[in-house]
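Following: one structure in structure tokens, then a few remarks.
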Amino acid sequence: EKSMLKAYKFKLEPTTLQVEHIESTLNLCRWLYNTALEQRKFTYKHRNISTRYSMQQNELPQLKKELPVFKQVQSQVLQDVLRRLDKAFQAFFRRLKTGDKAGYPRFRGKNRYNSFTYPQSGFLLEDQFLKLSKIGKVRIKCHRQMKGKVKTCSIISKNGKYYACFSCKVEPVAHQAGGRVGIDLGVKHLAITSDGKFFDPPKYLRKSERKLKQLQRNVSRRKKGSNRRKKAVALLAKMHEYIANQRKDTAHKISRYLVDHYDLIAFEDLHISGMVKNHKLAKSIVDAGWDQLVRFTNYKAEYAGKKVIQVDPTNTTQACSACGQIVKKELKDRVHRCSCGYTEDRDINAAKNILYKAIGFVPMMEQGQLKQNLI
């Protein structure tokens, strides 16, 4: 089994002086990122030279000589900034090749650069403190035990709070639970399993809409550039973060249940970005968090030695899971009724079809009894 990376995120409680150091480091890293991006653009446009990561990294000692303020930042942190820019360019060229929307790397404004990384050294965990090079001993709330070998440490600033995110190398652990399941993702219910279990959508965004509208109105009424507007923007961002955390919590709980109870988990391979273009369903789809649930289940399954398969969604709702014939249904039709005599909740029927596609089983009239034994 190949090893994998697992992330652990803990809250930091820095002193006022440490907050200044963290913010100063973020500003210097952002300046370096933007300057390195400008250099790449300039050399390619005016000299037709593609600037590489190694070329920019070799210029860092000279930068420290000319601008001694950069001595306040650990050298590997600065190297990681250039590596981050290089990854952005690699992703840009990859998208160009595949014909996707390219999206040239952009300059980062003050609110668009919120983390820096110690890629190998410069950090040390000691009881309730995290020792950071050039910043000091910062109090940390380690609410759970980390597993595996710590590889990197990222410091993140978000809505006035600070976090440390550790990337650890772990070996997958195989837990055999035995079952196989198909999952139908929906709006009425977030997830429906082929064995009849329903997970309701939390609808956190819908429940908080009135509060969000009020906060958004407050932002609109404030004068641009004023302190009152900054406060209003911070409150709105805090509310959005709260909703995102609620949605994340639900996805974690459902994905944990699925991975603990099944060895093979089948989802539809939905083109979610395309579905969101349907304005009648867009908000409900985003609020349900389908993509997040699939991602969380994927990485948990990989760690537990389980399997997640995504299948073509064609006809999973319309086909009969007992005999295979197509039974046309509209969105308002909540029950599947087939001429073969099979009646079932439409979502459970769809979940069964998803499972059958994953295991390569084709339901037919004369195989009705055999199918029941496969679940």
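In the structure tokens, the first chain shown is A, the next is B, and so on; residue numbers restart at 1 for each chain, and ligands run from 1 in the order shown.
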Env of Gly122 (chain A): 8 Å cut, atoms = only C-alpha atoms, seq-sep filter 5 positions within chain, self excluded. Answer as a list in words.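 Counting only C-alpha atoms, the residues come to Gln74, Lys131, Leu132 and Ser133 of chain A.
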Once you have the residues from the selection above, write them out as a PDB file, in the first residue's frame, restricted to all heavy atoms.
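Okay, result25.pdb is ready:
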```pdb
ATOM      1  N   GLN A  74      11.936  33.219   7.241  1.00  0.00           N
ATOM      2  CA  GLN A  74      12.786  32.039   7.065  1.00  0.00           C
ATOM      3  C   GLN A  74      12.970  31.723   5.576  1.00  0.00           C
ATOM      4  O   GLN A  74      12.021  31.841   4.789  1.00  0.00           O
ATOM      5  CB  GLN A  74      12.137  30.840   7.780  1.00  0.00           C
ATOM      6  CG  GLN A  74      13.155  29.786   8.193  1.00  0.00           C
ATOM      7  CD  GLN A  74      12.765  28.412   7.658  1.00  0.00           C
ATOM      8  OE1 GLN A  74      11.932  28.301   6.785  1.00  0.00           O
ATOM      9  NE2 GLN A  74      13.385  27.383   8.200  1.00  0.00           N
ATOM     10  N   LYS A 131       6.640  26.180  18.000  1.00  0.00           N
ATOM     11  CA  LYS A 131       7.808  27.048  17.844  1.00  0.00           C
ATOM     12  C   LYS A 131       8.018  27.326  16.358  1.00  0.00           C
ATOM     13  O   LYS A 131       8.234  26.393  15.576  1.00  0.00           O
ATOM     14  CB  LYS A 131       9.040  26.329  18.436  1.00  0.00           C
ATOM     15  CG  LYS A 131      10.115  27.253  18.944  1.00  0.00           C
ATOM     16  CD  LYS A 131      11.169  26.451  19.672  1.00  0.00           C
ATOM     17  CE  LYS A 131      12.333  27.330  20.101  1.00  0.00           C
ATOM     18  NZ  LYS A 131      13.379  26.536  20.768  1.00  0.00           N
ATOM     19  N   LEU A 132       7.902  28.592  15.973  1.00  0.00           N
ATOM     20  CA  LEU A 132       8.042  28.973  14.565  1.00  0.00           C
ATOM     21  C   LEU A 132       9.267  29.856  14.379  1.00  0.00           C
ATOM     22  O   LEU A 132       9.440  30.843  15.109  1.00  0.00           O
ATOM     23  CB  LEU A 132       6.800  29.722  14.086  1.00  0.00           C
ATOM     24  CG  LEU A 132       5.477  28.944  14.084  1.00  0.00           C
ATOM     25  CD1 LEU A 132       4.304  29.871  13.807  1.00  0.00           C
ATOM     26  CD2 LEU A 132       5.506  27.822  13.057  1.00  0.00           C
ATOM     27  N   SER A 133      10.101  29.499  13.409  1.00  0.00           N
ATOM     28  CA  SER A 133      11.302  30.280  13.121  1.00  0.00           C
ATOM     29  C   SER A 133      10.929  31.709  12.741  1.00  0.00           C
ATOM     30  O   SER A 133      10.018  31.931  11.951  1.00  0.00           O
ATOM     31  CB  SER A 133      12.056  29.606  11.972  1.00  0.00           C
ATOM     32  OG  SER A 133      13.136  30.398  11.564  1.00  0.00           O
TER      33      SER A 133
END
```
Among the residues of region 78-269 of chain A, find those DSSP assigns to strand (DSSP E or B) from the backbone and print them as a VMD selection string. chain A and resid 115 to 118 123 to 126 129 to 132 136 to 141 149 to 158 161 to 170 179 to 185 191 to 193 198 to 199 262 to 268
Please provide as a PyMOL selection string all residues within 12 Å of Asp127 (chain A), with the sequence filter that same-chain residues fewer than 5 positions apart are discarded (counting only C-alpha atoms). chain A and resi 137-143+145
Requested write-out: N, CA and C atoms of the selected residues, as an mmCIF file, in the first residue's frame:
```
data_model
loop_
_atom_site.group_PDB
_atom_site.id
_atom_site.type_symbol
_atom_site.label_atom_id
_atom_site.label_comp_id
_atom_site.auth_asym_id
_atom_site.auth_seq_id
_atom_site.Cartn_x
_atom_site.Cartn_y
_atom_site.Cartn_z
ATOM 1 N N LYS A 137 7.393 31.274 19.989
ATOM 2 C CA LYS A 137 6.559 30.177 20.501
ATOM 3 C C LYS A 137 5.103 30.634 20.583
ATOM 4 N N VAL A 138 4.283 30.053 19.719
ATOM 5 C CA VAL A 138 2.866 30.436 19.646
ATOM 6 C C VAL A 138 2.025 29.359 20.321
ATOM 7 N N ARG A 139 1.088 29.799 21.169
ATOM 8 C CA ARG A 139 0.196 28.824 21.826
ATOM 9 C C ARG A 139 -0.703 28.167 20.781
ATOM 10 N N ILE A 140 -0.846 26.836 20.869
ATOM 11 C CA ILE A 140 -1.649 26.075 19.906
ATOM 12 C C ILE A 140 -2.619 25.154 20.641
ATOM 13 N N LYS A 141 -3.833 25.018 20.095
ATOM 14 C CA LYS A 141 -4.841 24.131 20.698
ATOM 15 C C LYS A 141 -4.889 22.817 19.897
ATOM 16 N N CYS A 142 -4.099 21.842 20.322
ATOM 17 C CA CYS A 142 -4.075 20.533 19.650
ATOM 18 C C CYS A 142 -5.218 19.688 20.209
ATOM 19 N N HIS A 143 -6.363 19.672 19.514
ATOM 20 C CA HIS A 143 -7.535 18.985 20.042
ATOM 21 C C HIS A 143 -7.551 17.487 19.709
ATOM 22 N N GLN A 145 -4.794 13.909 18.438
ATOM 23 C CA GLN A 145 -3.443 13.367 18.226
ATOM 24 C C GLN A 145 -3.159 13.247 16.728
#
```
Taking the DSSP assignment computed from this structure's backbone, write out as a PyMOL selection string all residues of region 34-136 of chain A that belong to helix (DSSP H, G or I). chain A and resi 34-47+53-58+60-66+68-72+75-98+110-112
Could you work out how far CA of Tyr257 (chain A) lies from CA of Gly305 (chain A), giving the answer in Å with one decimal?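 Taking CA of Gly305 (chain A) as the start and CA of Tyr257 (chain A) as the end point, the length is 14.9 Å.
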Neighbours of region 265-268 of chain A within 6 Å (only C-alpha atoms; same-chain residues fewer than 6 positions away dropped), as a short mmCIF file (atom, residue, chain, number, x, y, z; two decimals) with N, CA and C atoms, in the first residue's frame?
```cif
data_model
loop_
_atom_site.label_atom_id
_atom_site.label_comp_id
_atom_site.auth_asym_id
_atom_site.auth_seq_id
_atom_site.Cartn_x
_atom_site.Cartn_y
_atom_site.Cartn_z
N VAL A 181 -22.40 -0.38 -1.55
CA VAL A 181 -23.55 0.53 -1.54
C VAL A 181 -23.49 1.50 -2.72
N GLY A 182 -24.67 1.85 -3.23
CA GLY A 182 -24.80 2.91 -4.23
C GLY A 182 -25.40 4.12 -3.56
N ILE A 183 -24.92 5.31 -3.93
CA ILE A 183 -25.40 6.55 -3.31
C ILE A 183 -25.99 7.46 -4.39
N VAL A 308 -13.92 3.77 -3.79
CA VAL A 308 -15.00 4.67 -4.23
C VAL A 308 -15.00 4.66 -5.76
N ILE A 309 -16.17 4.38 -6.35
CA ILE A 309 -16.30 4.36 -7.81
C ILE A 309 -17.34 5.40 -8.22
N GLN A 310 -17.02 6.17 -9.27
CA GLN A 310 -18.00 7.12 -9.81
C GLN A 310 -18.45 6.62 -11.18
N VAL A 311 -19.77 6.48 -11.36
CA VAL A 311 -20.30 5.87 -12.58
C VAL A 311 -21.06 6.89 -13.42
N PRO A 313 -23.97 8.73 -14.93
CA PRO A 313 -25.33 8.86 -14.36
C PRO A 313 -26.47 8.60 -15.35
N LEU A 355 -25.24 1.40 -7.94
CA LEU A 355 -24.45 0.26 -7.42
C LEU A 355 -24.27 -0.79 -8.51
#
```
Any idea what's packed within 12 Å of region 220-231 of chain A, counting only C-alpha atoms, ignoring anything in its chain fewer than 6 positions away? Could you give it as a list in words?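 Selected residues are Asn111, Asn159, Gly160, Lys213, Gln214, Ala237 and Lys238 of chain A.
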At what distance in Å, to one decimal, does CA of Cys153 (chain A) lie from CA of Phe116 (chain A)? 8.6 Å
One decimal place gives the CA of Asp260 (chain A)-CA of Ala304 (chain A) separation as 8.6 Å
Between A:Thr193, A:Gln56, A:Thr15, A:Ser157, which residue has the minimum interatomic distance to Asn27 (chain A), considering only C-alpha atoms?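 Answer, going by the shortest atom-to-atom distance: A:Ser157.
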Tell me which of A:Thr117, A:Ser208, A:Ser255, A:Asn48 sits closest to Thr297 (chain A), counting only C-alpha atoms.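 Ranking A:Thr117, A:Ser208, A:Ser255, A:Asn48 by distance to Thr297 (chain A), first place goes to A:Ser255.
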What's the 8 Å shell around region 79-96 of chain A, counting only C-alpha atoms, without same-chain residues fewer than 2 positions away, as an mmCIF file with N, CA and C atoms, in the first residue's frame?
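Contents of result32.cif, as written:
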```cif
data_model
loop_
_atom_site.group_PDB
_atom_site.id
_atom_site.type_symbol
_atom_site.label_atom_id
_atom_site.label_comp_id
_atom_site.auth_asym_id
_atom_site.auth_seq_id
_atom_site.Cartn_x
_atom_site.Cartn_y
_atom_site.Cartn_z
ATOM 1 N N CYS A 29 5.605 37.864 1.909
ATOM 2 C CA CYS A 29 5.407 36.718 1.003
ATOM 3 C C CYS A 29 4.546 37.127 -0.192
ATOM 4 N N LEU A 32 6.604 39.241 -2.533
ATOM 5 C CA LEU A 32 7.528 38.394 -3.300
ATOM 6 C C LEU A 32 6.770 37.659 -4.415
ATOM 7 N N TYR A 33 5.591 37.143 -4.095
ATOM 8 C CA TYR A 33 4.773 36.413 -5.081
ATOM 9 C C TYR A 33 4.437 37.328 -6.269
ATOM 10 N N ALA A 36 7.627 38.295 -8.265
ATOM 11 C CA ALA A 36 8.101 37.156 -9.066
ATOM 12 C C ALA A 36 7.181 36.936 -10.269
ATOM 13 N N LEU A 37 5.876 37.155 -10.085
ATOM 14 C CA LEU A 37 4.906 37.030 -11.188
ATOM 15 C C LEU A 37 5.160 38.115 -12.238
ATOM 16 N N ARG A 52 12.188 30.209 -14.904
ATOM 17 C CA ARG A 52 11.948 28.976 -14.146
ATOM 18 C C ARG A 52 12.041 29.239 -12.642
ATOM 19 N N TYR A 53 11.527 28.272 -11.871
ATOM 20 C CA TYR A 53 11.589 28.377 -10.402
ATOM 21 C C TYR A 53 13.035 28.475 -9.933
ATOM 22 N N GLN A 56 14.588 31.937 -10.237
ATOM 23 C CA GLN A 56 14.099 32.902 -9.239
ATOM 24 C C GLN A 56 14.612 32.562 -7.843
ATOM 25 N N GLN A 57 14.703 31.276 -7.549
ATOM 26 C CA GLN A 57 15.197 30.855 -6.222
ATOM 27 C C GLN A 57 16.650 31.292 -6.021
ATOM 28 N N SER A 75 14.197 31.346 5.183
ATOM 29 C CA SER A 75 14.519 31.179 3.759
ATOM 30 C C SER A 75 13.636 30.154 3.052
ATOM 31 N N GLN A 76 13.299 29.039 3.734
ATOM 32 C CA GLN A 76 12.473 28.015 3.082
ATOM 33 C C GLN A 76 11.034 28.490 2.844
ATOM 34 N N VAL A 77 10.583 29.406 3.695
ATOM 35 C CA VAL A 77 9.245 29.988 3.506
ATOM 36 C C VAL A 77 9.237 30.804 2.211
ATOM 37 N N THR A 98 -5.104 21.003 -22.221
ATOM 38 C CA THR A 98 -6.347 20.216 -22.233
ATOM 39 C C THR A 98 -7.521 20.999 -22.828
ATOM 40 N N GLY A 99 -7.295 22.292 -23.117
ATOM 41 C CA GLY A 99 -8.347 23.092 -23.746
ATOM 42 C C GLY A 99 -9.357 23.649 -22.757
ATOM 43 N N ASP A 100 -9.053 23.586 -21.449
ATOM 44 C CA ASP A 100 -9.948 24.167 -20.441
ATOM 45 C C ASP A 100 -9.746 25.685 -20.417
ATOM 46 N N LYS A 101 -10.576 26.361 -19.615
ATOM 47 C CA LYS A 101 -10.405 27.810 -19.429
ATOM 48 C C LYS A 101 -9.058 28.012 -18.729
ATOM 49 N N ALA A 102 -8.122 28.706 -19.395
ATOM 50 C CA ALA A 102 -6.731 28.725 -18.928
ATOM 51 C C ALA A 102 -6.535 29.420 -17.580
ATOM 52 N N GLY A 103 -6.989 30.659 -17.451
ATOM 53 C CA GLY A 103 -6.849 31.381 -16.180
ATOM 54 C C GLY A 103 -5.399 31.675 -15.824
ATOM 55 N N TYR A 104 -4.845 32.737 -16.435
ATOM 56 C CA TYR A 104 -3.445 33.118 -16.181
ATOM 57 C C TYR A 104 -3.271 33.507 -14.708
ATOM 58 N N PRO A 105 -2.162 33.095 -14.059
ATOM 59 C CA PRO A 105 -1.933 33.446 -12.636
ATOM 60 C C PRO A 105 -2.090 34.942 -12.390
ATOM 61 N N PHE A 116 1.285 31.043 4.630
ATOM 62 C CA PHE A 116 2.674 30.749 4.233
ATOM 63 C C PHE A 116 3.060 29.408 4.829
ATOM 64 N N THR A 117 4.048 28.750 4.209
ATOM 65 C CA THR A 117 4.364 27.361 4.563
ATOM 66 C C THR A 117 5.832 27.164 4.905
ATOM 67 N N TYR A 118 6.065 26.408 5.983
ATOM 68 C CA TYR A 118 7.405 25.887 6.304
ATOM 69 C C TYR A 118 7.466 24.496 5.667
ATOM 70 N N PRO A 119 8.182 24.331 4.522
ATOM 71 C CA PRO A 119 8.096 23.059 3.807
ATOM 72 C C PRO A 119 8.845 21.887 4.449
#
```
Between A:Ile359, A:Leu270, A:Met4, A:Cys320, which is the closest to Pro172 (chain A) once you count only C-alpha atoms?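 Answer, going by the shortest atom-to-atom distance: A:Met4.
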Residue nearest Tyr162 (chain A) - candidates A:Glu23, A:Leu293, A:Cys340, A:Asn349, atoms counted: only C-alpha atoms: A:Glu23
